[in-house]
$ cat final-v2.cif   # mmCIF, N, CA and C atoms; chains and numbers go by the auth columns
data_run
#
loop_
_atom_site.group_PDB
_atom_site.id
_atom_site.type_symbol
_atom_site.label_atom_id
_atom_site.label_comp_id
_atom_site.label_asym_id
_atom_site.label_seq_id
_atom_site.Cartn_x
_atom_site.Cartn_y
_atom_site.Cartn_z
_atom_site.B_iso_or_equiv
_atom_site.auth_seq_id
_atom_site.auth_asym_id
ATOM 1 N N MET A 1 16.569 70.379 129.882 0.00 1091 W
ATOM 2 C CA MET A 1 15.487 70.160 130.810 0.00 1091 W
ATOM 3 C C MET A 1 15.640 68.788 131.455 0.00 1091 W
ATOM 4 N N ALA A 2 15.208 68.733 132.677 0.00 1092 W
ATOM 5 C CA ALA A 2 15.257 67.481 133.423 0.00 1092 W
ATOM 6 C C ALA A 2 13.909 66.768 133.260 0.00 1092 W
ATOM 7 N N ASP A 3 13.628 65.864 134.158 0.00 1093 W
ATOM 8 C CA ASP A 3 12.374 65.111 134.128 0.00 1093 W
ATOM 9 C C ASP A 3 11.195 65.998 134.521 0.00 1093 W
ATOM 10 N N ALA A 4 10.007 65.449 134.394 0.00 1094 W
ATOM 11 C CA ALA A 4 8.799 66.166 134.789 0.00 1094 W
ATOM 12 C C ALA A 4 8.684 66.210 136.312 0.00 1094 W
ATOM 13 N N CYS A 5 8.122 67.296 136.812 0.00 1095 W
ATOM 14 C CA CYS A 5 7.875 67.461 138.240 0.00 1095 W
ATOM 15 C C CYS A 5 6.839 66.424 138.683 0.00 1095 W
ATOM 16 N N PRO A 6 7.099 65.696 139.761 0.00 1096 W
ATOM 17 C CA PRO A 6 6.127 64.701 140.213 0.00 1096 W
ATOM 18 C C PRO A 6 4.824 65.331 140.721 0.00 1096 W
ATOM 19 N N GLU A 7 4.885 66.594 141.111 0.00 1097 W
ATOM 20 C CA GLU A 7 3.706 67.301 141.614 0.00 1097 W
ATOM 21 C C GLU A 7 2.876 67.892 140.473 0.00 1097 W
ATOM 22 N N CYS A 8 3.517 68.660 139.578 0.00 1098 W
ATOM 23 C CA CYS A 8 2.814 69.396 138.513 0.00 1098 W
ATOM 24 C C CYS A 8 2.753 68.649 137.185 0.00 1098 W
ATOM 25 N N LYS A 9 3.666 67.716 137.008 0.00 1099 W
ATOM 26 C CA LYS A 9 3.769 66.962 135.748 0.00 1099 W
ATOM 27 C C LYS A 9 4.280 67.809 134.586 0.00 1099 W
ATOM 28 N N ILE A 10 4.904 68.974 134.872 0.00 1100 W
ATOM 29 C CA ILE A 10 5.523 69.763 133.811 0.00 1100 W
ATOM 30 C C ILE A 10 7.040 69.604 133.917 0.00 1100 W
ATOM 31 N N ASN A 11 7.742 69.992 132.883 0.00 1101 W
ATOM 32 C CA ASN A 11 9.195 69.838 132.867 0.00 1101 W
ATOM 33 C C ASN A 11 9.860 70.707 133.928 0.00 1101 W
ATOM 34 N N THR A 12 10.909 70.148 134.530 0.00 1102 W
ATOM 35 C CA THR A 12 11.740 70.915 135.444 0.00 1102 W
ATOM 36 C C THR A 12 12.992 71.344 134.690 0.00 1102 W
ATOM 37 N N TYR A 13 13.710 72.279 135.252 0.00 1103 W
ATOM 38 C CA TYR A 13 14.925 72.797 134.625 0.00 1103 W
ATOM 39 C C TYR A 13 16.103 72.497 135.517 0.00 1103 W
ATOM 40 N N GLU A 14 17.185 72.007 134.908 0.00 1104 W
ATOM 41 C CA GLU A 14 18.359 71.565 135.658 0.00 1104 W
ATOM 42 C C GLU A 14 19.453 72.628 135.633 0.00 1104 W
ATOM 43 N N TYR A 15 20.025 72.886 136.807 0.00 1105 W
ATOM 44 C CA TYR A 15 21.096 73.866 136.974 0.00 1105 W
ATOM 45 C C TYR A 15 22.242 73.231 137.750 0.00 1105 W
ATOM 46 N N THR A 16 23.447 73.745 137.527 0.00 1106 W
ATOM 47 C CA THR A 16 24.608 73.249 138.254 0.00 1106 W
ATOM 48 C C THR A 16 25.604 74.378 138.501 0.00 1106 W
ATOM 49 N N ASP A 17 26.416 74.182 139.514 0.00 1107 W
ATOM 50 C CA ASP A 17 27.550 75.077 139.744 0.00 1107 W
ATOM 51 C C ASP A 17 28.855 74.302 139.606 0.00 1107 W
ATOM 52 N N GLY A 18 28.756 73.105 139.046 0.00 1108 W
ATOM 53 C CA GLY A 18 29.924 72.252 138.879 0.00 1108 W
ATOM 54 C C GLY A 18 30.069 71.233 139.995 0.00 1108 W
ATOM 55 N N GLU A 19 29.536 71.552 141.157 0.00 1109 W
ATOM 56 C CA GLU A 19 29.592 70.643 142.304 0.00 1109 W
ATOM 57 C C GLU A 19 28.210 70.133 142.688 0.00 1109 W
ATOM 58 N N HIS A 20 27.216 71.008 142.619 0.00 1110 W
ATOM 59 C CA HIS A 20 25.837 70.684 142.973 0.00 1110 W
ATOM 60 C C HIS A 20 24.989 70.724 141.709 0.00 1110 W
ATOM 61 N N THR A 21 23.986 69.845 141.641 0.00 1111 W
ATOM 62 C CA THR A 21 23.070 69.822 140.509 0.00 1111 W
ATOM 63 C C THR A 21 21.648 69.826 141.051 0.00 1111 W
ATOM 64 N N LEU A 22 20.812 70.730 140.522 0.00 1112 W
ATOM 65 C CA LEU A 22 19.440 70.866 140.995 0.00 1112 W
ATOM 66 C C LEU A 22 18.471 70.880 139.829 0.00 1112 W
ATOM 67 N N SER A 23 17.324 70.242 140.010 0.00 1113 W
ATOM 68 C CA SER A 23 16.210 70.316 139.069 0.00 1113 W
ATOM 69 C C SER A 23 15.120 71.120 139.749 0.00 1113 W
ATOM 70 N N ILE A 24 14.666 72.183 139.088 0.00 1114 W
ATOM 71 C CA ILE A 24 13.719 73.112 139.695 0.00 1114 W
ATOM 72 C C ILE A 24 12.450 73.183 138.860 0.00 1114 W
ATOM 73 N N CYS A 25 11.305 73.104 139.546 0.00 1115 W
ATOM 74 C CA CYS A 25 10.009 73.317 138.903 0.00 1115 W
ATOM 75 C C CYS A 25 9.621 74.767 139.162 0.00 1115 W
ATOM 76 N N PHE A 26 9.527 75.560 138.095 0.00 1116 W
ATOM 77 C CA PHE A 26 9.202 76.967 138.260 0.00 1116 W
ATOM 78 C C PHE A 26 7.699 77.204 138.429 0.00 1116 W
ATOM 79 N N LYS A 27 6.894 76.148 138.315 0.00 1117 W
ATOM 80 C CA LYS A 27 5.454 76.302 138.539 0.00 1117 W
ATOM 81 C C LYS A 27 5.127 76.172 140.026 0.00 1117 W
ATOM 82 N N CYS A 28 5.612 75.110 140.680 0.00 1118 W
ATOM 83 C CA CYS A 28 5.259 74.879 142.084 0.00 1118 W
ATOM 84 C C CYS A 28 6.409 75.161 143.060 0.00 1118 W
ATOM 85 N N GLY A 29 7.626 75.318 142.535 0.00 1119 W
ATOM 86 C CA GLY A 29 8.764 75.619 143.401 0.00 1119 W
ATOM 87 C C GLY A 29 9.492 74.408 143.940 0.00 1119 W
ATOM 88 N N ARG A 30 9.052 73.244 143.590 0.00 1120 W
ATOM 89 C CA ARG A 30 9.682 72.012 144.055 0.00 1120 W
ATOM 90 C C ARG A 30 11.084 71.874 143.443 0.00 1120 W
ATOM 91 N N TYR A 31 12.027 71.354 144.213 0.00 1121 W
ATOM 92 C CA TYR A 31 13.375 71.138 143.693 0.00 1121 W
ATOM 93 C C TYR A 31 13.955 69.851 144.254 0.00 1121 W
ATOM 94 N N THR A 32 14.812 69.227 143.470 0.00 1122 W
ATOM 95 C CA THR A 32 15.544 68.035 143.877 0.00 1122 W
ATOM 96 C C THR A 32 16.963 68.184 143.349 0.00 1122 W
ATOM 97 N N GLY A 33 17.865 67.379 143.869 0.00 1123 W
ATOM 98 C CA GLY A 33 19.216 67.464 143.335 0.00 1123 W
ATOM 99 C C GLY A 33 20.231 66.672 144.123 0.00 1123 W
ATOM 100 N N THR A 34 21.484 66.887 143.739 0.00 1124 W
ATOM 101 C CA THR A 34 22.598 66.250 144.417 0.00 1124 W
ATOM 102 C C THR A 34 23.533 67.324 144.939 0.00 1124 W
ATOM 103 N N SER A 35 24.114 67.065 146.102 0.00 1125 W
ATOM 104 C CA SER A 35 24.976 68.056 146.735 0.00 1125 W
ATOM 105 C C SER A 35 26.394 67.550 146.952 0.00 1125 W
ATOM 106 N N ASN A 36 26.689 66.319 146.530 0.00 1126 W
ATOM 107 C CA ASN A 36 28.014 65.727 146.761 0.00 1126 W
ATOM 108 C C ASN A 36 28.391 65.775 148.234 0.00 1126 W
ATOM 109 N N ASN A 37 27.427 65.432 149.089 0.00 1127 W
ATOM 110 C CA ASN A 37 27.618 65.388 150.543 0.00 1127 W
ATOM 111 C C ASN A 37 27.995 66.731 151.149 0.00 1127 W
ATOM 112 N N ASP A 38 27.582 67.830 150.524 0.00 1128 W
ATOM 113 C CA ASP A 38 27.824 69.180 151.042 0.00 1128 W
ATOM 114 C C ASP A 38 26.625 69.574 151.906 0.00 1128 W
ATOM 115 N N GLN A 39 26.652 69.186 153.174 0.00 1129 W
ATOM 116 C CA GLN A 39 25.518 69.415 154.071 0.00 1129 W
ATOM 117 C C GLN A 39 25.251 70.898 154.301 0.00 1129 W
ATOM 118 N N ASP A 40 26.280 71.726 154.260 0.00 1130 W
ATOM 119 C CA ASP A 40 26.078 73.173 154.413 0.00 1130 W
ATOM 120 C C ASP A 40 25.214 73.725 153.277 0.00 1130 W
ATOM 121 N N PHE A 41 25.463 73.256 152.061 0.00 1131 W
ATOM 122 C CA PHE A 41 24.665 73.688 150.905 0.00 1131 W
ATOM 123 C C PHE A 41 23.218 73.238 151.071 0.00 1131 W
ATOM 124 N N VAL A 42 23.018 71.999 151.460 0.00 1132 W
ATOM 125 C CA VAL A 42 21.663 71.459 151.661 0.00 1132 W
ATOM 126 C C VAL A 42 20.930 72.276 152.720 0.00 1132 W
ATOM 127 N N ASN A 43 21.587 72.550 153.837 0.00 1133 W
ATOM 128 C CA ASN A 43 20.966 73.322 154.912 0.00 1133 W
ATOM 129 C C ASN A 43 20.602 74.730 154.441 0.00 1133 W
ATOM 130 N N MET A 44 21.503 75.365 153.704 0.00 1134 W
ATOM 131 C CA MET A 44 21.273 76.715 153.210 0.00 1134 W
ATOM 132 C C MET A 44 20.038 76.749 152.300 0.00 1134 W
ATOM 133 N N ILE A 45 19.944 75.806 151.372 0.00 1135 W
ATOM 134 C CA ILE A 45 18.821 75.754 150.424 0.00 1135 W
ATOM 135 C C ILE A 45 17.512 75.441 151.152 0.00 1135 W
ATOM 136 N N ASN A 46 17.558 74.510 152.098 0.00 1136 W
ATOM 137 C CA ASN A 46 16.337 74.149 152.821 0.00 1136 W
ATOM 138 C C ASN A 46 15.853 75.280 153.728 0.00 1136 W
ATOM 139 N N GLN A 47 16.760 76.055 154.287 0.00 1137 W
ATOM 140 C CA GLN A 47 16.374 77.163 155.158 0.00 1137 W
ATOM 141 C C GLN A 47 15.878 78.369 154.359 0.00 1137 W
ATOM 142 N N GLU A 48 16.446 78.591 153.181 0.00 1138 W
ATOM 143 C CA GLU A 48 16.098 79.768 152.370 0.00 1138 W
ATOM 144 C C GLU A 48 16.058 79.386 150.889 0.00 1138 W
ATOM 145 N N PRO A 49 14.988 78.699 150.451 0.00 1139 W
ATOM 146 C CA PRO A 49 14.913 78.223 149.060 0.00 1139 W
ATOM 147 C C PRO A 49 15.044 79.315 148.006 0.00 1139 W
ATOM 148 N N MET A 50 14.640 80.546 148.317 0.00 1140 W
ATOM 149 C CA MET A 50 14.720 81.633 147.328 0.00 1140 W
ATOM 150 C C MET A 50 16.163 81.968 146.966 0.00 1140 W
ATOM 151 N N ILE A 51 17.118 81.473 147.738 0.00 1141 W
ATOM 152 C CA ILE A 51 18.523 81.709 147.397 0.00 1141 W
ATOM 153 C C ILE A 51 18.862 81.061 146.059 0.00 1141 W
ATOM 154 N N LEU A 52 18.103 80.032 145.678 0.00 1142 W
ATOM 155 C CA LEU A 52 18.316 79.412 144.366 0.00 1142 W
ATOM 156 C C LEU A 52 18.114 80.425 143.250 0.00 1142 W
ATOM 157 N N MET A 53 17.085 81.266 143.377 0.00 1143 W
ATOM 158 C CA MET A 53 16.811 82.276 142.348 0.00 1143 W
ATOM 159 C C MET A 53 17.959 83.290 142.280 0.00 1143 W
ATOM 160 N N LYS A 54 18.483 83.676 143.436 0.00 1144 W
ATOM 161 C CA LYS A 54 19.610 84.608 143.462 0.00 1144 W
ATOM 162 C C LYS A 54 20.839 83.977 142.828 0.00 1144 W
ATOM 163 N N MET A 55 21.077 82.693 143.115 0.00 1145 W
ATOM 164 C CA MET A 55 22.227 81.997 142.541 0.00 1145 W
ATOM 165 C C MET A 55 22.102 81.903 141.022 0.00 1145 W
ATOM 166 N N ILE A 56 20.887 81.707 140.517 0.00 1146 W
ATOM 167 C CA ILE A 56 20.664 81.662 139.064 0.00 1146 W
ATOM 168 C C ILE A 56 20.880 83.057 138.473 0.00 1146 W
ATOM 169 N N LYS A 57 20.315 84.070 139.113 0.00 1147 W
ATOM 170 C CA LYS A 57 20.470 85.446 138.628 0.00 1147 W
ATOM 171 C C LYS A 57 21.941 85.862 138.599 0.00 1147 W
ATOM 172 N N ASP A 58 22.689 85.475 139.639 0.00 1148 W
ATOM 173 C CA ASP A 58 24.119 85.813 139.732 0.00 1148 W
ATOM 174 C C ASP A 58 25.000 84.901 138.887 0.00 1148 W
ATOM 175 N N LYS A 59 24.351 83.951 138.186 0.00 1149 W
ATOM 176 C CA LYS A 59 25.042 82.980 137.317 0.00 1149 W
ATOM 177 C C LYS A 59 25.994 82.064 138.094 0.00 1149 W
ATOM 178 N N ARG A 60 25.705 81.871 139.377 0.00 1150 W
ATOM 179 C CA ARG A 60 26.437 80.870 140.168 0.00 1150 W
ATOM 180 C C ARG A 60 25.892 79.477 139.864 0.00 1150 W
ATOM 181 N N LEU A 61 24.609 79.410 139.503 0.00 1151 W
ATOM 182 C CA LEU A 61 23.996 78.188 138.992 0.00 1151 W
ATOM 183 C C LEU A 61 23.674 78.451 137.526 0.00 1151 W
ATOM 184 N N THR A 62 24.087 77.564 136.669 0.00 1152 W
ATOM 185 C CA THR A 62 23.841 77.732 135.231 0.00 1152 W
ATOM 186 C C THR A 62 23.106 76.521 134.681 0.00 1152 W
ATOM 187 N N PRO A 63 22.330 76.705 133.613 0.00 1153 W
ATOM 188 C CA PRO A 63 21.597 75.572 133.016 0.00 1153 W
ATOM 189 C C PRO A 63 22.576 74.494 132.522 0.00 1153 W
ATOM 190 N N THR A 64 22.127 73.253 132.643 0.00 1154 W
ATOM 191 C CA THR A 64 22.961 72.143 132.151 0.00 1154 W
ATOM 192 C C THR A 64 22.628 71.848 130.707 0.00 1154 W
#

$ encode --input "final-v2.cif" --output "structure tokens"
Amino acid sequence: MADACPECKINTYEYTDGEHTLSICFKCGRYTGTSNNDQDFVNMINQEPMILMKMIKDKRLTPT
């Protein structure tokens, strides 16, 4: 688990694909992370945040 969500104050969960790392709050949907300057990834996530759930389901993002 990562740090607490600044909005909800509950624990967030950290996922990675080896290149990108994200902390996700499953209560409010807030997410933060690092993309290693991969602007395409950032744009994709910002345009369609639910893709994170698909990436987790498909095991493209795994818990750290």

$ closest_residue --input "final-v2.cif" --among "W:Lys1144, W:Gln1137, W:Thr1124, W:Lys1149" --to "W:Leu1112" --atoms "all atoms listed in the file"
W:Thr1124

$ atom_distance --input "final-v2.cif" --atom1 "atom CA of W:Glu1138" --atom2 "atom CA of W:Ala1094"
23.4 Å

$ resolve_selection --input "final-v2.cif" --expression "the PyMOL selection byres ((chain W and resi 1115) around 6.5)" --output "PyMOL selection string"
chain W and resi 1095+1101-1103+1113-1114+1116-1121

$ atom_distance --input "final-v2.cif" --atom1 "atom CA of W:Ile1100" --atom2 "atom C of W:Thr1122"
15.0 Å

$ atom_distance --input "final-v2.cif" --atom1 "atom CA of W:Thr1152" --atom2 "atom CA of W:Glu1097"
23.6 Å

$ select_by_dssp --input "final-v2.cif" --residues "chain W" --states "alpha helix (DSSP H)" --output "PyMOL selection string"
chain W and resi 1129-1137+1141-1147

$ axis_aligned_box --input "final-v2.cif" --around "stretch 1146-1153 of chain W" --padding-each-side "6 Å" --output "AutoDock Vina command-line options"
--center_x 23.4 --center_y 80.2 --center_z 136.5 --size_x 18.1 --size_y 23.4 --size_z 20.0

$ closest_residue --input "final-v2.cif" --among "W:Leu1151, W:Asn1133, W:Ser1125, W:Asp1093" --to "W:Thr1106" --atoms "only N, CA and C atoms"
W:Leu1151
